[in-house]
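Trainee: Before I ask anything, let me first share the structure, which is written out below as structure tokens.
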Amino acid sequence: MSLQQDIMVALKEAMKAKDQTALTALRAVKSAILLAQTESGAKEELTEEQELKILQKQVKQRKDSAAIYLEQGREDLAAPELAEAKVISQFLPTALSDDDVEKVVVNIINQVGAQGMKDMGKVMGLVSKELAGQADGKTISNIVKAKLS
């Protein structure tokens, strides 16, 4: 079953259960996917990689919002954002640990022969492509910087 079908099933279940947090999060994801489909013109199916990027973006937006709310002492606004991020995260593949990401980064640095920070873009591109959906860009970036500096 495709990701869109999984989201539609979850959306129906959330409607039946009257789970407003899940409904809000899943409707936002559905909207983002439909928007991405129509941007390309015709009603094309998105690739799995594109769908994962959309989900990651949705989770990141909610976590960033929650962080801002927490900085301002607004736990009442941060809690729903984190709950929505958790709902959306269930459709993402399980995240790799930092050690696993580090192994992939070291492997790609050796393959490319990266020497320093000047090769960071090349390494980041390859690592991000290989770990699509399994690690966020910030984690990858921090590990690549540590290894190249």
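Identifiers in the structure tokens: chain A, B, ... in order shown; residue index from 1 per chain; ligand index from 1 in order shown.
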Find the residues near A:Gln90: any atom within 12 Å, counting only C-alpha atoms, skip ones fewer than 6 places away on the same chain, and give them as number ranges by chain.
Mentor: A: 3, 6-7, 10, 22, 25-26, 52, 55-56, 59, 83-84, 133
Trainee: Taking only stretch 28-108 of chain A into account, list the residues labelled alpha helix (DSSP H) by DSSP (computed from the backbone), as number ranges by chain.
Mentor: A: 28-39, 48-71, 75-89, 98-108
Trainee: What's around A:Ile143 at 9 Å? Count only C-alpha atoms, leave out sequence neighbours fewer than 3 positions away in its own chain, and write the answer as a VMD selection string.
Mentor: chain A and resid 98 101 to 102 105 138 to 140 146 to 148
Trainee: How would the residues just chosen look if you wrote them out with all heavy atoms as a JSON list (two decimals), in the first residue's frame?
Mentor:
```
[["chain", "number", "residue", "atom", "x", "y", "z"],
["A", 98, "ASP", "N", 22.79, 7.62, 15.95],
["A", 98, "ASP", "CA", 23.92, 8.46, 15.53],
["A", 98, "ASP", "C", 25.11, 7.60, 15.11],
["A", 98, "ASP", "O", 25.83, 7.96, 14.18],
["A", 98, "ASP", "CB", 24.32, 9.42, 16.65],
["A", 98, "ASP", "CG", 23.32, 10.55, 16.83],
["A", 98, "ASP", "OD1", 22.40, 10.67, 16.00],
["A", 98, "ASP", "OD2", 23.45, 11.32, 17.79],
["A", 101, "VAL", "N", 24.51, 6.37, 11.58],
["A", 101, "VAL", "CA", 24.69, 7.47, 10.64],
["A", 101, "VAL", "C", 26.18, 7.75, 10.46],
["A", 101, "VAL", "O", 26.66, 7.97, 9.35],
["A", 101, "VAL", "CB", 23.94, 8.75, 11.12],
["A", 101, "VAL", "CG1", 24.27, 9.94, 10.23],
["A", 101, "VAL", "CG2", 22.45, 8.51, 11.17],
["A", 102, "GLU", "N", 26.91, 7.71, 11.57],
["A", 102, "GLU", "CA", 28.35, 7.97, 11.52],
["A", 102, "GLU", "C", 29.07, 6.94, 10.65],
["A", 102, "GLU", "O", 29.96, 7.29, 9.87],
["A", 102, "GLU", "CB", 28.92, 7.96, 12.94],
["A", 102, "GLU", "CG", 30.35, 8.44, 13.02],
["A", 102, "GLU", "CD", 30.83, 8.58, 14.46],
["A", 102, "GLU", "OE1", 30.00, 8.80, 15.36],
["A", 102, "GLU", "OE2", 32.04, 8.47, 14.65],
["A", 105, "VAL", "N", 28.45, 7.87, 7.07],
["A", 105, "VAL", "CA", 29.21, 9.08, 6.73],
["A", 105, "VAL", "C", 30.68, 8.73, 6.49],
["A", 105, "VAL", "O", 31.27, 9.14, 5.49],
["A", 105, "VAL", "CB", 29.07, 10.15, 7.84],
["A", 105, "VAL", "CG1", 30.08, 11.28, 7.65],
["A", 105, "VAL", "CG2", 27.66, 10.70, 7.88],
["A", 138, "LYS", "N", 19.93, 17.82, 10.01],
["A", 138, "LYS", "CA", 20.74, 18.46, 11.05],
["A", 138, "LYS", "C", 21.72, 17.46, 11.66],
["A", 138, "LYS", "O", 22.90, 17.77, 11.85],
["A", 138, "LYS", "CB", 19.81, 19.02, 12.13],
["A", 138, "LYS", "CG", 20.43, 20.00, 13.06],
["A", 138, "LYS", "CD", 19.37, 20.58, 13.98],
["A", 138, "LYS", "CE", 19.81, 21.90, 14.54],
["A", 138, "LYS", "NZ", 18.77, 22.51, 15.36],
["A", 139, "THR", "N", 21.24, 16.26, 11.94],
["A", 139, "THR", "CA", 22.11, 15.22, 12.50],
["A", 139, "THR", "C", 23.22, 14.85, 11.52],
["A", 139, "THR", "O", 24.39, 14.76, 11.89],
["A", 139, "THR", "CB", 21.28, 13.95, 12.83],
["A", 139, "THR", "OG1", 20.23, 14.31, 13.72],
["A", 139, "THR", "CG2", 22.13, 12.87, 13.47],
["A", 140, "ILE", "N", 22.81, 14.66, 10.26],
["A", 140, "ILE", "CA", 23.79, 14.31, 9.22],
["A", 140, "ILE", "C", 24.83, 15.41, 9.11],
["A", 140, "ILE", "O", 26.04, 15.14, 9.07],
["A", 140, "ILE", "CB", 23.09, 14.07, 7.87],
["A", 140, "ILE", "CG1", 22.19, 12.85, 7.94],
["A", 140, "ILE", "CG2", 24.11, 13.91, 6.75],
["A", 140, "ILE", "CD1", 21.30, 12.65, 6.72],
["A", 146, "ALA", "N", 31.87, 17.18, 11.85],
["A", 146, "ALA", "CA", 32.81, 16.64, 12.83],
["A", 146, "ALA", "C", 33.86, 15.77, 12.14],
["A", 146, "ALA", "O", 35.05, 15.82, 12.52],
["A", 146, "ALA", "CB", 32.06, 15.83, 13.89],
["A", 147, "LYS", "N", 33.45, 15.00, 11.17],
["A", 147, "LYS", "CA", 34.38, 14.08, 10.50],
["A", 147, "LYS", "C", 35.32, 14.80, 9.53],
["A", 147, "LYS", "O", 36.45, 14.38, 9.33],
["A", 147, "LYS", "CB", 33.61, 12.99, 9.73],
["A", 147, "LYS", "CG", 32.89, 12.03, 10.63],
["A", 147, "LYS", "CD", 33.86, 11.26, 11.49],
["A", 147, "LYS", "CE", 33.16, 10.37, 12.46],
["A", 147, "LYS", "NZ", 34.08, 9.73, 13.40],
["A", 148, "LEU", "N", 34.84, 15.89, 8.90],
["A", 148, "LEU", "CA", 35.66, 16.58, 7.91],
["A", 148, "LEU", "C", 36.56, 17.65, 8.52],
["A", 148, "LEU", "O", 37.51, 18.09, 7.87],
["A", 148, "LEU", "CB", 34.77, 17.20, 6.84],
["A", 148, "LEU", "CG", 34.09, 16.23, 5.89],
["A", 148, "LEU", "CD1", 33.21, 16.98, 4.89],
["A", 148, "LEU", "CD2", 35.08, 15.36, 5.15]]
```
Trainee: Which residue, A:Leu77, A:Ala85, A:Leu46, A:Leu35, has the smallest gap to A:Arg62 when you use only C-alpha atoms?
Mentor: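 Checking each candidate against A:Arg62, we get A:Ala85 as the closest.
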Trainee: Could you list, as a list in words, every residue within 12 Å of A:Asn107, counting only C-alpha atoms and ignoring same-chain residues fewer than 5 positions away?
Mentor: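 Using only C-alpha atoms, the neighbours found are Asp100, Val101, Glu102, Val112, Gly113, Ala114, Val123, Leu126, Val127, Glu130, Val144 and Lys147 of chain A.
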Trainee: Could you check which of A:Gln111, A:Val29, A:Glu49, A:Glu71 is closest to A:Ser89, using only C-alpha atoms?
Mentor: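 Comparing A:Gln111, A:Val29, A:Glu49, A:Glu71 against A:Ser89, the winner is A:Val29.
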